Structures are given as structure tokens and as C-alpha cells.
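Asks: Okay, handing you the structure first.
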Amino acid sequence: MISWLILLAPLLSSLLILGGLHRSKTLSQGVSIIACSISFLVALGFFTGSLSSPPPLTWIDLPEFKTEIGILVDPLSKLMLLVVTGVGLMVHLFSVGYMHEDEGISRFFGKLSIFMFSMIGIVISTNLVQMFIFWELVGLSSYLLIGFWFEKPSAADAAKKAFLVNRVGDFGFLLGIIFYWTLAGTVMFGAEAALTIQSHIGENIPYLNVTMVTATGLLLFCGCMGKSAMIPLHVWLPDAMEGPTPVSALIHAATMVAAGVYMLCRVFVVLSLSAQTLEVILYIGVGTAFFAALIATQQNDIKRILAFSTLSQLGYMVMAVGLTSPGTIFPADSMFHLTTHAFFKAMLFLGAGSVIHAVHHEQDIWKMGGLWKKLPWTFGTFLLGVLALTGFPGLSGFFSKEEILTLAYYKSGPVMVLASITAALTAFYMMRLLIVTFFGEARSSNALKAHESPKIMIIPLVILAVLTVFAGYPFMGILASLGENHPHEASHVVMGISIGAMLAGYLAAFLLYRGRGIEPIYARTLANKFFVDEFYDGVLLRIQQGFAIGMDFIDQWVIGFVFVRGTSLVVNLTGEVLRLVQSGSLQGYAFFFAAGVVGLVYWMLKGF
């Protein structure tokens, strides 16, 4: 029963808060934080081995389809649970200070608990059907959190955009689950499903079976493309910044966007049955990493810069999945980077929230400046986050990024080159963000009046800063818990390339932005995100609108007028004619009878 508390605690919290405790801000915050703490302690119990998974509950038991609801505890889920609940707890604590003046703070914590319940449900799922249920609940709760300030049209639009774009990916994911069940005869995770699918290859119609395996992998990957915002379904993620900053940290760090990568790792034994599937995953991953890094170099909103940074790092993780050798249980390098990234990206987003809080909710970095003296704790932790993200030696991001670059070095030269250029771009735009935000002169009255955030917001930053520094070291046991053990013969070469790319990015940013009060370069295409949103609005939506108008015409005039109202009109006219005959007059009936008799006699006589 204790094991089930990891899921039931946030669910009960959300029911209590939204059901009645919302009248008290203090109680709502306290219940939500306690629930998240309970989930974290249970996750810690799983990780240390002091708790085990309970017996699963049978849900559907049919002759050809069986599924259950259970808690899967293995190296993959144990690490992910610790990351999700740990970062979630830090976000809860930070939110107490950040949202304290908001009238809807109780509603915020209630929705935060729903999100934690949904995300934990994805991680502990024992099968694809259970995962899909919680997958959709994460989509719903993220919609509620992104659109938390629903009175703002931009927030409401961003929430709808996130929900609809994710439905596109989720439709493919659902088809992939159906294909998976068709091939494996089960929706359970594990090597047995992969062995069953592999045994089907070559039976009856070999080409069809191989094609089905590839299609299954690609359709499952569609779910990742939606949740983890891979191109071309990336457009919702930057707009999700309209939500409160703690929501941005929760969505962009260890939870929603990481769900797609976690799902790929969970079903990797099936994905790896098709080389074509892994190739598609590889190139979409590296393409997203490079594409998002380019866009981030020209963004001015502090949260959007970090959003595109998240897109780029997610691309690295997905790229690592595509580079992992078939036969591997799951991509350890991808999970390692997911874990370290969760710590420093959560810290960066919460640090950005501290900055925004200090400058009275200003988000344009060109209206900041000179904040390093006014916000020493925020600046120190933010600096650590920037260094970790850019792969500075000795910090967690350096170790996890080097693992992925080493994998690319062994597997694909072109991918290694593109990943290294992306690393240089990452160092460039993050150093640009640091210099413009914290150094130089204050460029607005809000920046002049800035002050450090309260302790309740600083404490989570400090805790995440410690993890940012030490998470990559062997004594933390992250790689060991994943069973990672691959050679590093060329690690010195990779290290040289990685450090060289980082220093090149630092130097370029320093030379371009030191002492600047305005943007020295302007690339319109990058600033406008390659006009992808405009393309969707101008082309795809226009096509969709034209199709909708055409279908409306068919519905209104062909089906509605011709088949429905037209048939009704014919019946009505026939009835009106017959009504004239049925007059109720005996004289009339006698006349028609006589006329009929005369007509019949005439016809008979004419025949003779």
C-alpha cells in the first residue's frame, strides 16, 4: 500500500484542493507540498531498494487482450521517478514565493498536483495502455497550467495550441500502440514483446511484417514528437512560456517534455528491430538540436531562449536514442543526459523566474542589465546552470553531453559534426543571455529597482545547484544505476572537440555582446523562428480551412438539402397531392369513380 502512495498522494491532494481547500491558500500550498514530498520519499524508497513494486491490478481480461494497472520498478523508472518527484518538489517550494500574490494560487497548486499525478503515472506504467491514459492526462494538466492566466488571450491561445499540436502526435502514438499489440499480442513492456515481434518477421508475408515493424516504431515515435516537441511538432513549446514560470520549469525540465524521451527508452527493444526507425529518430533528433539552437541565438525573451535551449537538448537526447546499438535494453546515454539536464534546466528556469520576479515581471533581456550585484544568489546559481548546459568541464552537463558526443563520434561523422556545431551555438546563446541579463548597465527602471528573491525561492535554486555540480560524478551512481558500460577510447578527442566548441561560443558571445545596450546583429529569419508558425497559419491552415469549407458545402447542400430536405420535400408534395384526392366528399368520390369506370371502358373498347 505504501508503494501506491507515490501515485495516490498527488491525486488526493488535487481532489482536496479543488474540492474545498481552495478557499485557504495556506492549506492548499501545504497539502500540495506534503503530497509531493510523500511521492518523493516513496521514489527514494524505490531507488534505494527499501520499497518494491506491489502486485498489479487486473483491469481488462479478455481471451485475446489482457492489460493491468501496476507499478513498474526497474533501473529506468527508479531514476526517472526520483528526477520527476525531486524536481517537482523544488518547483512546488519555489512556487510558494513566486505565486504568493496571485489570487488563484490555490487553483495553481491543485493543478500542479494533477500534473504530478499524471506524470508519475506515465513513469510507473507497466504497459502501453496504462501509459497512454496518463499520457493524455499530462496533456490535459499541461493545458490547464499553460492557460492558468486564462484571462490573457495569449495564454489561452498557447494552451489551445499545445493541446492541439500534441493531439496530432498522440493520434500516431495510439495507432502505434494498436500496431504493437497486433504484432506482439500484448501491450506489456519488455524483451518478450520484442522477441515475439521478431519471430513474426519472415512468416507468411515477410515484406509486410518488416514494414509493420518499421511503421510501429515510427508511429510510437510520433508520441515523442508531440510531447518532446520534435520538428515539425515543436511549435507549441515556445508559446507554452505564457504560463507561470514554475510551470515552464516543470514542463521544460524533467517532466512533460522528458516523457517522450522516456517512452522511447522504455520501448527501445522494439524500436531497435528496425534500422529505418532508428535512422529517422537519429536525424529528427540532430535536426531539432541544430534548428532550435540557431533560433535561440536571436530570441530576446529570457524564457523563450531557455525554451529553445530545451528543444535543442531534447534533440540531443533523441539523437542518442537513434545512435544506440540494437540489442541494448535501453539508451543509457540518453537517460543520463535527461537526468543531468533536468537539474540544471530546472535551475535555469527557476533562476529566470527569480529574475522576472525581481524586475517586476519584465522578460525582455534588453530591458535588464547590471543584475549580478543586486541578485547575487540568483546570479551564482544561474551562472552554474549556464556553465553546465554549455558543457563546462567538471559539471554534470559536461559528463552527459560528452557521453552523447562520444556515441556520435563512433557511429556517425556527419552527426558528430552537426552536434559539435550545436554545442558551439549553445555556448554562444547562453553566454549572450548571461552577459545581456546580468552585466553592463541597468537598461530600465525595473532593473534599477531589482532586489534578491525571498529565501523560499532561493533554497530550491541552491539545492538544484548542488545537483548540477555533482550529478555527473560516479559517486552519485546515475550511470551505474543505468548499467552503462561502453568504451571511451576516443574520449580525449571528443573532449577536445567539446571544449573547443564551448570556448568558441563563449568567445564569440563575449566579443559581440560585451558592453552592448542593443542587439548588434539581426537575423530576421532566426528571430522569426524560420517562419514555421507563419507557414502553418498561411498554408496548412488555409488548406484545412478550404477543406472544411468544402465539406461544409457538401454537408449543407448535398447531404442536407438534396438527400435530407429534398427527400422530405418529395414526400411532402406527394402527401399534398394525395390530400387533395382524400377530400371526404361523397359526390367527389362518386365523380372520380365514374370517371375511372368511363376511362376503363374506353380503354377496353379501344383495344377491340
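Labeling convention for the C-alpha cells: chains A, B, ... as they appear, residues from 1 per chain, ligands from 1 in order of appearance.
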Name the residues in contact with segment 434-448 of chain A at a cut-off of 9 Å, using only C-alpha atoms, excluding same-chain residues fewer than 3 positions from it; report them as a ChimeraX atom specification.
Replies: /A:302,355,358-362,364-375,379,382-383,386,429-431,451,509-510,513-517
Asks: Would you export the selected residues with C-alpha atoms as a tab-separated table (two decimals), in the first residue's frame, please?
Replies:
chain	number	residue	atom	x	y	z
A	302	ILE	CA	14.55	35.18	-21.32
A	355	VAL	CA	14.97	37.48	-12.33
A	358	ALA	CA	12.95	40.92	-9.28
A	359	VAL	CA	12.34	43.17	-12.32
A	360	HIS	CA	8.55	43.26	-11.89
A	361	HIS	CA	7.70	40.62	-14.50
A	362	GLU	CA	9.81	42.05	-17.30
A	364	ASP	CA	12.98	41.17	-22.32
A	365	ILE	CA	16.70	40.70	-21.61
A	366	TRP	CA	17.47	44.06	-23.28
A	367	LYS	CA	15.48	45.77	-20.51
A	368	MET	CA	17.61	44.21	-17.78
A	369	GLY	CA	21.36	44.51	-17.20
A	370	GLY	CA	23.56	45.03	-14.14
A	371	LEU	CA	21.71	42.42	-12.07
A	372	TRP	CA	24.67	40.39	-10.86
A	373	LYS	CA	25.25	42.74	-7.91
A	374	LYS	CA	21.57	43.04	-6.99
A	375	LEU	CA	20.78	39.30	-7.25
A	379	PHE	CA	23.28	35.12	-10.45
A	382	PHE	CA	22.24	30.90	-12.96
A	383	LEU	CA	25.93	31.05	-13.87
A	386	VAL	CA	24.80	28.22	-17.95
A	429	TYR	CA	23.39	31.95	-26.97
A	430	MET	CA	23.68	31.06	-23.29
A	431	MET	CA	26.67	33.36	-22.78
A	451	HIS	CA	16.23	43.05	-5.42
A	509	ALA	CA	29.35	35.98	-27.46
A	510	PHE	CA	31.84	37.95	-25.37
A	513	TYR	CA	27.74	41.49	-26.61
A	514	ARG	CA	30.17	42.88	-24.05
A	515	GLY	CA	29.06	46.42	-23.20
A	516	ARG	CA	26.19	46.40	-25.70
A	517	GLY	CA	22.88	48.08	-24.99
Asks: Where in segment 262-468 of chain A does DSSP assign alpha helix (DSSP H), given as number ranges by chain?
Replies: A: 262-266, 268-271, 275-296, 302-323, 332-358, 376-389, 396-411, 413-438, 445-448, 455-468
Asks: Near Thr288 of chain A, within 9 Å and counting only C-alpha atoms, which residues show up once chain neighbours fewer than 6 positions away are dropped, as a PyMOL selection string?
Replies: chain A and resi 229-232+234+311-316
Asks: What gap, in Å, lies between atom CA of Pro75 of chain A and atom CA of Thr277 of chain A?
Replies: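 Going from atom CA of Pro75 of chain A over to atom CA of Thr277 of chain A covers 24.6 Å.
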Asks: In terms of the shortest atom-to-atom distance over only C-alpha atoms, which of A:Phe349, A:Phe330, A:Phe591, A:Phe179 is closest to Pro246 of chain A?
Replies: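 Among A:Phe349, A:Phe330, A:Phe591, A:Phe179, it is A:Phe349 that comes nearest to Pro246 of chain A.
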Asks: Point out the residue among A:Tyr262, A:Trp181, A:Trp149, A:Phe65 with the least atom-to-atom distance to Ile120 of chain A, counting only C-alpha atoms.
Replies: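 Residue with the minimum atom-to-atom distance to Ile120 of chain A: A:Tyr262.
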Asks: Quick one: distance from atom CA of Leu27 of chain A to atom CA of Thr255 of chain A in Å, one decimal?
Replies: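 Atom CA of Leu27 of chain A sits 25.1 Å away from atom CA of Thr255 of chain A.
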Asks: Find the distance between atom CA of Phe268 of chain A and atom CA of Gly45 of chain A and write it in Å to one decimal.
Replies: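 Here the two named atoms are 26.2 Å from each other.
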